[in-house]
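Chemist: Below is my_file_9.pdb; it holds PDB, C-alpha atoms and all ligand atoms.
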ATOM      1  CA  MET Z   1      64.096 145.092 180.906
ATOM      2  CA  LYS Z   2      66.337 146.359 183.650
ATOM      3  CA  TRP Z   3      67.198 150.023 184.028
ATOM      4  CA  THR Z   4      70.873 149.516 184.693
ATOM      5  CA  THR Z   5      73.214 152.460 185.170
ATOM      6  CA  LYS Z   6      74.651 151.728 181.762
ATOM      7  CA  ARG Z   7      71.242 151.819 180.073
ATOM      8  CA  LEU Z   8      70.305 154.998 181.921
ATOM      9  CA  THR Z   9      73.547 156.709 180.922
ATOM     10  CA  LEU Z  10      73.120 155.642 177.306
ATOM     11  CA  CYS Z  11      69.545 156.936 177.267
ATOM     12  CA  ALA Z  12      70.583 160.279 178.747
ATOM     13  CA  MET Z  13      73.373 160.631 176.196
ATOM     14  CA  LEU Z  14      71.087 159.765 173.310
ATOM     15  CA  ALA Z  15      68.443 162.207 174.581
ATOM     16  CA  ALA Z  16      71.081 164.954 174.675
ATOM     17  CA  LEU Z  17      72.180 164.042 171.158
ATOM     18  CA  ALA Z  18      68.580 164.107 169.896
ATOM     19  CA  LEU Z  19      68.090 167.492 171.538
ATOM     20  CA  ALA Z  20      71.196 168.801 169.783
ATOM     21  CA  LEU Z  21      69.918 167.476 166.461
ATOM     22  CA  SER Z  22      66.551 169.203 166.920
ATOM     23  CA  TRP Z  23      68.521 172.358 167.567
ATOM     24  CA  VAL Z  24      70.640 171.964 164.419
ATOM     25  CA  GLU Z  25      67.431 171.401 162.502
ATOM     26  CA  ARG Z  26      66.250 174.911 163.291
ATOM     27  CA  ALA Z  27      68.951 176.235 160.994
ATOM     28  CA  PHE Z  28      67.265 174.568 158.011
ATOM     29  CA  PRO Z  29      64.275 176.272 156.451
ATOM     30  CA  PRO Z  30      61.144 174.139 156.834
ATOM     31  CA  PRO Z  31      60.307 172.284 153.595
ATOM     32  CA  VAL Z  32      56.806 173.785 153.511
ATOM     33  CA  PRO Z  33      55.367 176.971 155.022
ATOM     34  CA  LEU Z  34      53.894 175.169 158.012
ATOM     35  CA  PRO Z  35      55.126 176.786 161.217
ATOM     36  CA  GLY Z  36      56.510 174.187 163.607
ATOM     37  CA  CYS Z  37      57.240 171.712 160.825
ATOM     38  CA  LYS Z  38      60.635 170.024 161.148
ATOM     39  CA  LEU Z  39      62.726 167.780 158.933
ATOM     40  CA  GLY Z  40      62.961 165.123 161.641
ATOM     41  CA  LEU Z  41      66.729 164.670 161.976
ATOM     42  CA  ALA Z  42      66.262 163.531 165.579
ATOM     43  CA  ASN Z  43      64.724 160.373 164.117
ATOM     44  CA  ILE Z  44      68.323 159.177 163.702
ATOM     45  CA  VAL Z  45      68.471 158.794 167.474
ATOM     46  CA  THR Z  46      65.042 157.137 167.662
ATOM     47  CA  LEU Z  47      66.075 154.629 165.007
ATOM     48  CA  PHE Z  48      69.381 153.895 166.713
ATOM     49  CA  ALA Z  49      67.790 153.551 170.150
ATOM     50  CA  LEU Z  50      65.074 151.297 168.749
ATOM     51  CA  TYR Z  51      67.598 148.709 167.542
ATOM     52  CA  ALA Z  52      70.175 149.168 170.274
ATOM     53  CA  LEU Z  53      67.966 149.505 173.354
ATOM     54  CA  GLY Z  54      64.438 148.543 172.306
ATOM     55  CA  ALA Z  55      61.172 150.434 171.930
ATOM     56  CA  PRO Z  56      60.574 151.386 175.614
ATOM     57  CA  SER Z  57      63.967 153.093 175.886
ATOM     58  CA  ALA Z  58      63.465 154.755 172.498
ATOM     59  CA  LEU Z  59      60.131 156.084 173.777
ATOM     60  CA  ALA Z  60      61.717 157.413 176.990
ATOM     61  CA  ILE Z  61      64.457 159.183 175.016
ATOM     62  CA  LEU Z  62      61.894 160.623 172.634
ATOM     63  CA  LEU Z  63      59.696 162.028 175.418
ATOM     64  CA  VAL Z  64      62.650 163.652 177.177
ATOM     65  CA  ARG Z  65      63.838 165.166 173.902
ATOM     66  CA  VAL Z  66      60.417 166.517 172.897
ATOM     67  CA  LEU Z  67      59.588 167.975 176.323
ATOM     68  CA  LEU Z  68      63.013 169.548 176.915
ATOM     69  CA  GLY Z  69      63.088 170.793 173.315
ATOM     70  CA  ALA Z  70      59.767 172.595 173.765
ATOM     71  CA  MET Z  71      60.975 174.059 177.055
ATOM     72  CA  PHE Z  72      64.243 175.359 175.605
ATOM     73  CA  ALA Z  73      62.514 176.783 172.555
ATOM     74  CA  GLY Z  74      59.852 178.325 174.807
ATOM     75  CA  ASN Z  75      57.311 177.335 172.203
ATOM     76  CA  ALA Z  76      54.448 175.321 173.629
ATOM     77  CA  SER Z  77      52.378 175.490 170.450
ATOM     78  CA  ALA Z  78      55.042 173.547 168.539
ATOM     79  CA  LEU Z  79      55.088 170.848 171.241
ATOM     80  CA  LEU Z  80      52.202 168.931 169.665
ATOM     81  CA  TYR Z  81      53.986 168.949 166.285
ATOM     82  CA  SER Z  82      57.143 167.366 167.562
ATOM     83  CA  LEU Z  83      55.268 165.019 169.895
ATOM     84  CA  LEU Z  84      52.860 163.645 167.285
ATOM     85  CA  GLY Z  85      55.581 163.551 164.638
ATOM     86  CA  ALA Z  86      58.053 161.734 166.879
ATOM     87  CA  LEU Z  87      55.497 159.271 168.261
ATOM     88  CA  ALA Z  88      54.180 158.401 164.791
ATOM     89  CA  ALA Z  89      57.741 157.872 163.578
ATOM     90  CA  LEU Z  90      58.586 155.604 166.516
ATOM     91  CA  ALA Z  91      55.389 153.567 166.129
ATOM     92  CA  VAL Z  92      55.923 152.951 162.418
ATOM     93  CA  MET Z  93      59.647 152.280 162.792
ATOM     94  CA  ALA Z  94      59.041 149.818 165.656
ATOM     95  CA  LEU Z  95      56.559 148.026 163.439
ATOM     96  CA  LEU Z  96      58.782 147.986 160.349
ATOM     97  CA  ALA Z  97      61.851 146.971 162.349
ATOM     98  CA  ARG Z  98      60.116 143.705 163.187
ATOM     99  CA  SER Z  99      60.513 142.724 159.566
ATOM    100  CA  ARG Z 100      63.892 141.091 159.094
ATOM    101  CA  ARG Z 101      63.670 141.833 155.381
ATOM    102  CA  LEU Z 102      63.944 145.607 155.717
ATOM    103  CA  SER Z 103      67.242 147.350 156.305
ATOM    104  CA  VAL Z 104      67.631 150.526 158.360
ATOM    105  CA  TYR Z 105      66.899 152.471 155.161
ATOM    106  CA  GLY Z 106      63.397 151.108 154.669
ATOM    107  CA  VAL Z 107      62.593 151.479 158.363
ATOM    108  CA  SER Z 108      63.927 155.023 158.306
ATOM    109  CA  VAL Z 109      61.941 156.089 155.219
ATOM    110  CA  GLY Z 110      58.770 154.676 156.767
ATOM    111  CA  GLY Z 111      59.549 156.555 159.970
ATOM    112  CA  ALA Z 112      60.190 159.818 158.132
ATOM    113  CA  ALA Z 113      56.891 159.522 156.251
ATOM    114  CA  ALA Z 114      55.070 158.841 159.531
ATOM    115  CA  HIS Z 115      56.881 161.766 161.177
ATOM    116  CA  ASN Z 116      55.652 164.180 158.516
ATOM    117  CA  THR Z 117      52.140 162.748 158.542
ATOM    118  CA  GLY Z 118      52.079 163.194 162.325
ATOM    119  CA  GLN Z 119      53.176 166.798 161.969
ATOM    120  CA  VAL Z 120      50.427 167.535 159.456
ATOM    121  CA  CYS Z 121      47.881 165.936 161.814
ATOM    122  CA  ALA Z 122      49.180 168.130 164.635
ATOM    123  CA  ALA Z 123      48.869 171.215 162.424
ATOM    124  CA  MET Z 124      45.300 170.299 161.519
ATOM    125  CA  LEU Z 125      44.466 169.705 165.197
ATOM    126  CA  THR Z 126      45.990 172.949 166.477
ATOM    127  CA  LEU Z 127      44.492 175.056 163.728
ATOM    128  CA  GLY Z 128      41.153 173.241 163.534
ATOM    129  CA  ASN Z 129      41.585 173.468 159.790
ATOM    130  CA  ALA Z 130      42.234 170.886 157.068
ATOM    131  CA  ALA Z 131      44.408 173.289 155.041
ATOM    132  CA  PRO Z 132      47.755 171.773 156.142
ATOM    133  CA  LEU Z 133      46.694 168.487 154.478
ATOM    134  CA  ALA Z 134      47.524 170.061 151.124
ATOM    135  CA  TYR Z 135      51.207 170.023 152.123
ATOM    136  CA  LEU Z 136      51.252 166.307 152.886
ATOM    137  CA  PRO Z 137      52.183 165.224 149.319
ATOM    138  CA  VAL Z 138      55.246 167.499 149.315
ATOM    139  CA  LEU Z 139      56.174 166.413 152.827
ATOM    140  CA  LEU Z 140      55.891 162.739 151.905
ATOM    141  CA  ALA Z 141      58.187 163.306 148.930
ATOM    142  CA  VAL Z 142      60.628 165.140 151.218
ATOM    143  CA  SER Z 143      60.516 162.234 153.667
ATOM    144  CA  LEU Z 144      62.067 159.990 150.990
ATOM    145  CA  PHE Z 145      65.192 162.156 151.213
ATOM    146  CA  THR Z 146      65.243 162.737 154.966
ATOM    147  CA  GLY Z 147      64.495 159.036 155.479
ATOM    148  CA  ALA Z 148      67.419 158.031 153.265
ATOM    149  CA  LEU Z 149      69.658 160.507 155.082
ATOM    150  CA  THR Z 150      68.700 159.377 158.601
ATOM    151  CA  GLY Z 151      69.004 155.752 157.466
ATOM    152  CA  PHE Z 152      72.488 156.450 156.133
ATOM    153  CA  VAL Z 153      73.621 158.106 159.364
ATOM    154  CA  ALA Z 154      72.081 155.316 161.462
ATOM    155  CA  ALA Z 155      73.918 152.726 159.339
ATOM    156  CA  LEU Z 156      77.168 154.635 159.963
ATOM    157  CA  LEU Z 157      76.479 154.605 163.713
ATOM    158  CA  PHE Z 158      75.806 150.872 163.722
ATOM    159  CA  ARG Z 159      79.054 150.235 161.845
ATOM    160  CA  SER Z 160      81.072 152.168 164.398
ATOM    161  CA  ALA Z 161      83.018 149.642 166.466
ATOM    162  CA  TYR Z 162      83.105 151.960 169.448
ATOM    163  CA  LEU Z 163      79.330 152.227 169.612
ATOM    164  CA  GLN Z 164      78.998 148.509 169.062
ATOM    165  CA  ARG Z 165      80.957 147.952 172.235
ATOM    166  CA  ALA Z 166      79.026 150.611 174.164
ATOM    167  CA  ILE Z 167      75.619 149.093 173.524
ATOM    168  CA  ARG Z 168      76.570 145.477 174.144
TER     169      ARG Z 168
ATOM    170  CA  MET W   1      71.821 144.982 170.751
ATOM    171  CA  LYS W   2      68.123 144.080 170.719
ATOM    172  CA  HIS W   3      68.525 142.708 167.256
ATOM    173  CA  GLU W   4      71.045 143.213 164.493
ATOM    174  CA  PRO W   5      69.829 145.702 161.913
ATOM    175  CA  LYS W   6      70.469 145.180 158.225
ATOM    176  CA  LEU W   7      72.728 147.998 157.079
ATOM    177  CA  LYS W   8      72.564 147.601 153.306
ATOM    178  CA  PRO W   9      69.442 148.629 151.382
ATOM    179  CA  THR W  10      67.325 145.737 150.168
ATOM    180  CA  GLY W  11      64.624 145.411 147.539
ATOM    181  CA  TRP W  12      62.063 145.562 150.329
ATOM    182  CA  ASP W  13      63.330 149.027 151.255
ATOM    183  CA  ALA W  14      62.609 150.119 147.696
ATOM    184  CA  LEU W  15      59.081 148.821 148.221
ATOM    185  CA  VAL W  16      58.635 151.065 151.279
ATOM    186  CA  ALA W  17      59.983 154.045 149.327
ATOM    187  CA  ALA W  18      57.686 153.230 146.399
ATOM    188  CA  ALA W  19      54.681 153.050 148.743
ATOM    189  CA  VAL W  20      55.507 156.492 150.191
ATOM    190  CA  LEU W  21      56.016 157.948 146.717
ATOM    191  CA  LEU W  22      52.737 156.454 145.491
ATOM    192  CA  LEU W  23      50.888 157.927 148.469
ATOM    193  CA  ALA W  24      52.480 161.321 147.785
ATOM    194  CA  LEU W  25      51.491 161.204 144.111
ATOM    195  CA  ALA W  26      47.946 160.028 144.848
ATOM    196  CA  LEU W  27      47.384 162.762 147.435
ATOM    197  CA  GLY W  28      49.067 165.314 145.171
ATOM    198  CA  ALA W  29      46.775 164.379 142.277
ATOM    199  CA  ARG W  30      43.771 164.609 144.568
ATOM    200  CA  PHE W  31      44.637 168.155 145.604
ATOM    201  CA  SER W  32      45.699 169.508 142.237
ATOM    202  CA  LEU W  33      42.446 168.104 140.841
ATOM    203  CA  SER W  34      40.341 169.987 143.374
ATOM    204  CA  GLY W  35      42.201 173.125 142.370
ATOM    205  CA  ALA W  36      41.799 172.584 138.639
ATOM    206  CA  GLN W  37      38.016 172.382 138.749
ATOM    207  CA  SER W  38      37.698 175.971 139.750
ATOM    208  CA  GLY W  39      38.161 179.094 137.714
ATOM    209  CA  ALA W  40      38.390 182.165 139.910
ATOM    210  CA  ARG W  41      40.267 181.853 143.176
ATOM    211  CA  CYS W  42      39.748 183.413 146.548
ATOM    212  CA  ALA W  43      41.422 183.587 149.913
ATOM    213  CA  VAL W  44      39.586 181.850 152.724
ATOM    214  CA  VAL W  45      40.424 183.277 156.127
ATOM    215  CA  SER W  46      39.851 181.060 159.164
ATOM    216  CA  VAL W  47      40.270 182.066 162.784
ATOM    217  CA  GLU W  48      40.415 179.280 165.397
ATOM    218  CA  GLY W  49      39.354 176.860 162.666
ATOM    219  CA  VAL W  50      36.210 178.804 161.821
ATOM    220  CA  GLU W  51      35.914 180.439 158.415
ATOM    221  CA  VAL W  52      35.372 184.164 158.873
ATOM    222  CA  GLU W  53      35.759 185.600 155.403
ATOM    223  CA  ARG W  54      36.226 184.779 151.715
ATOM    224  CA  LEU W  55      38.151 187.391 149.777
ATOM    225  CA  PRO W  56      38.175 187.247 145.966
ATOM    226  CA  PHE W  57      41.564 187.888 144.355
ATOM    227  CA  ALA W  58      41.168 191.640 143.901
ATOM    228  CA  ASP W  59      42.929 194.446 145.718
ATOM    229  CA  ALA W  60      41.858 194.413 149.336
ATOM    230  CA  GLU W  61      43.303 194.721 152.824
ATOM    231  CA  ARG W  62      41.995 193.240 156.024
ATOM    232  CA  GLU W  63      43.063 193.021 159.621
ATOM    233  CA  TYR W  64      42.271 190.062 161.846
ATOM    234  CA  GLN W  65      42.773 189.901 165.585
ATOM    235  CA  ASN W  66      42.890 186.768 167.659
ATOM    236  CA  ASN W  67      44.710 185.364 170.647
ATOM    237  CA  GLY W  68      46.202 188.796 171.328
ATOM    238  CA  TYR W  69      47.829 189.171 167.894
ATOM    239  CA  THR W  70      46.970 191.214 164.847
ATOM    240  CA  VAL W  71      47.518 189.848 161.347
ATOM    241  CA  HIS W  72      47.332 192.162 158.362
ATOM    242  CA  VAL W  73      46.269 190.412 155.147
ATOM    243  CA  ARG W  74      46.673 191.909 151.697
ATOM    244  CA  VAL W  75      44.910 190.436 148.673
ATOM    245  CA  THR W  76      45.912 191.325 145.113
ATOM    246  CA  PRO W  77      44.809 189.879 141.749
ATOM    247  CA  ASP W  78      47.996 187.741 141.897
ATOM    248  CA  GLY W  79      47.476 186.175 145.284
ATOM    249  CA  VAL W  80      47.304 186.783 148.980
ATOM    250  CA  ARG W  81      49.957 187.469 151.600
ATOM    251  CA  VAL W  82      50.349 188.538 155.186
ATOM    252  CA  ASP W  83      52.269 191.780 154.908
ATOM    253  CA  ARG W  84      52.363 192.624 158.621
ATOM    254  CA  ALA W  85      51.805 190.731 161.826
ATOM    255  CA  ASP W  86      52.845 191.263 165.423
ATOM    256  CA  CYS W  87      53.268 187.585 166.179
ATOM    257  CA  PRO W  88      56.642 186.568 167.640
ATOM    258  CA  THR W  89      57.516 183.947 165.012
ATOM    259  CA  GLN W  90      56.714 185.932 161.825
ATOM    260  CA  ASP W  91      56.327 182.666 159.888
ATOM    261  CA  CYS W  92      53.164 183.994 158.302
ATOM    262  CA  VAL W  93      54.939 187.069 156.931
ATOM    263  CA  ARG W  94      57.886 185.026 155.663
ATOM    264  CA  THR W  95      55.598 182.650 153.757
ATOM    265  CA  GLY W  96      55.088 185.454 151.249
ATOM    266  CA  THR W  97      52.450 185.416 148.531
ATOM    267  CA  VAL W  98      50.442 182.260 147.874
ATOM    268  CA  SER W  99      48.185 181.886 144.849
ATOM    269  CA  ARG W 100      47.580 178.217 143.990
ATOM    270  CA  PRO W 101      44.470 176.481 145.366
ATOM    271  CA  GLY W 102      45.390 174.427 148.419
ATOM    272  CA  GLN W 103      48.305 176.653 149.407
ATOM    273  CA  SER W 104      47.957 178.334 152.740
ATOM    274  CA  ILE W 105      49.504 180.817 155.116
ATOM    275  CA  VAL W 106      49.503 179.813 158.744
ATOM    276  CA  CYS W 107      49.970 182.055 161.756
ATOM    277  CA  LEU W 108      50.320 179.596 164.596
ATOM    278  CA  PRO W 109      50.448 182.113 167.474
ATOM    279  CA  ALA W 110      47.300 183.890 166.258
ATOM    280  CA  ARG W 111      45.614 180.613 165.135
ATOM    281  CA  ILE W 112      44.795 182.208 161.797
ATOM    282  CA  VAL W 113      44.907 180.334 158.481
ATOM    283  CA  VAL W 114      44.576 181.871 155.041
ATOM    284  CA  THR W 115      43.894 179.231 152.387
ATOM    285  CA  VAL W 116      43.637 179.705 148.640
ATOM    286  CA  ALA W 117      40.489 178.105 147.242
ATOM    287  CA  GLY W 118      38.640 178.090 143.973
ATOM    288  CA  ALA W 119      35.706 180.523 144.012
ATOM    289  CA  ALA W 120      33.075 177.818 143.635
ATOM    290  CA  ASP W 121      34.553 174.825 145.393
ATOM    291  CA  GLU W 122      34.882 174.419 149.114
ATOM    292  CA  GLY W 123      38.467 173.359 148.589
ATOM    293  CA  VAL W 124      40.290 171.416 151.246
ATOM    294  CA  ASP W 125      37.744 172.298 153.903
ATOM    295  CA  ALA W 126      35.185 170.040 152.269
ATOM    296  CA  VAL W 127      37.514 167.063 152.645
ATOM    297  CA  ALA W 128      37.480 167.234 156.413
ATOM    298  CA  GLY W 129      33.729 167.950 156.439
TER     299      GLY W 129
HETATM  300 ZN    ZN V   1      52.222 185.060 162.358
END
Translate the structure described by the file into structure tokens.
Ligand SMILES: [Zn+2]
Modeler:
Amino acid sequence: MKWTTKRLTLCAMLAALALALSWVERAFPPPVPLPGCKLGLANIVTLFALYALGAPSALAILLVRVLLGAMFAGNASALLYSLLGALAALAVMALLARSRRLSVYGVSVGGAAAHNTGQVCAAMLTLGNAAPLAYLPVLLAVSLFTGALTGFVAALLFRSAYLQRAIR
Amino acid sequence: MKHEPKLKPTGWDALVAAAVLLLALALGARFSLSGAQSGARCAVVSVEGVEVERLPFADAEREYQNNGYTVHVRVTPDGVRVDRADCPTQDCVRTGTVSRPGQSIVCLPARIVVTVAGAADEGVDAVAG
């Protein structure tokens, strides 16, 4: 893989977009009373980058987004949440995307479920307490909806002729 | 494009969704079961992951300090809540009253967790060992 100017620019733009999405997300109340828990809207960008640019670029975008996001929010304790959540989502989506049978929806739902599982793991790690595990069932159910939503938006992005040209 | 994504949902997508739903239901059943076994409930307070106190659901007030923050916990026969805290996020206060076994209040800045457990069972804590 070559880091051409075009790829670099695309990555920077997508990282900025993901950062904006994480910001928008703060306006929504978290689905469960777990501080630091997010819906995972930025997974739209991860999903798009995964197909358009490949896993290494998706990982680079993700790391920039998570680190800058934590810096802007000035909240280091939530860093582990977004990091574990985002990494789990990317890992599962990269795996599922290998299957030619699944559409972006299936990949996205799997990613959303992994994102929420990662967040619960981060909560258990930071708190040294298994209590957050009790919220996993609700979060998994929620991930069906967020996964469908991010899959829908990703499908819209892939249909856009303008973006098609940009990533070719 | 690395490879062309499918943009229309397929039956295999439904399979992924079904797997997630099944996992949610199985875990949900597991936790509601552990709650059902127990009669009386109590609030388990943990600081830095270490259990410091078990408060039965009767009128009581406690203050816990950790990591430079003070969290004020109020227990009533109906449940437990954090009614005051000097943490910057105030998530713990906004959580309100919790009463069902397995529910918890988390104060991330103070690293304090209040979990509802049945009086006899060790609740969720036993799962992690
Ligand atoms: Zn708090």
Chemist: Once the PyMOL selection byres (((chain W and resi 4-17) around 7) and not hetatm) has been applied to the shown file, what residues remain in the selection, as a ChimeraX atom specification?
Modeler: /Z:51,101-106,109-110,144,155 /W:1-3,18-21
Chemist: Taking only residues of chain Z that have an atom at most 12 Å from an atom of ligand ZN 1 (chain V), what is each one's shortest atom pair and its distance in Å to one decimal, using all atoms listed in the file, in chain and number order, as a Markdown table?
Modeler:
| residue | atom | partner | partner_atom | distance |
| --- | --- | --- | --- | --- |
| Z:Pro33 | CA | V:ZN1 | ZN | 11.4 |
| Z:Leu34 | CA | V:ZN1 | ZN | 10.9 |
| Z:Pro35 | CA | V:ZN1 | ZN | 8.8 |
| Z:Gly36 | CA | V:ZN1 | ZN | 11.8 |
Chemist: Taking all atoms of range 58-72 of chain W that appear in the file, build a box with edges along x, y and z, extend it by 3 Å on every side, and state its centre and edge lengths in Å to one decimal, as lines of an AutoDock Vina configuration file.
Modeler:
center_x = 44.5
center_y = 190.0
center_z = 157.6
size_x = 12.7
size_y = 15.4
size_z = 33.4
Chemist: Could you work out how far CA of Arg81 in chain W lies from CA of Ile105 in chain W, giving the answer in Å with one decimal?
Modeler: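 According to the coordinates, CA of Ile105 in chain W and CA of Arg81 in chain W are separated by 7.5 Å.
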Chemist: Restricting the calculation to all atoms listed in the file: of W:Thr115, W:Ala43, W:Asp91, W:Val52, which residue gets closest to Ala130 in chain Z?
Modeler: W:Thr115
Chemist: In Å to one decimal, how far is CA of Ala117 in chain W from CA of Ser99 in chain W?
Modeler: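 About the pair CA of Ser99 in chain W and CA of Ala117 in chain W: they are 8.9 Å apart.
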Chemist: So that I can see what lies close to Tyr135 in chain Z, please list as an MDAnalysis selection string the residues with an atom at most 10 Å from it, counting only C-alpha atoms and leaving out residues fewer than 2 positions away in the same chain.
Modeler: (chainID Z and resid 31:34 116:117 120 131:133 137:140) or (chainID W and resid 24 27:28 31 102:104)
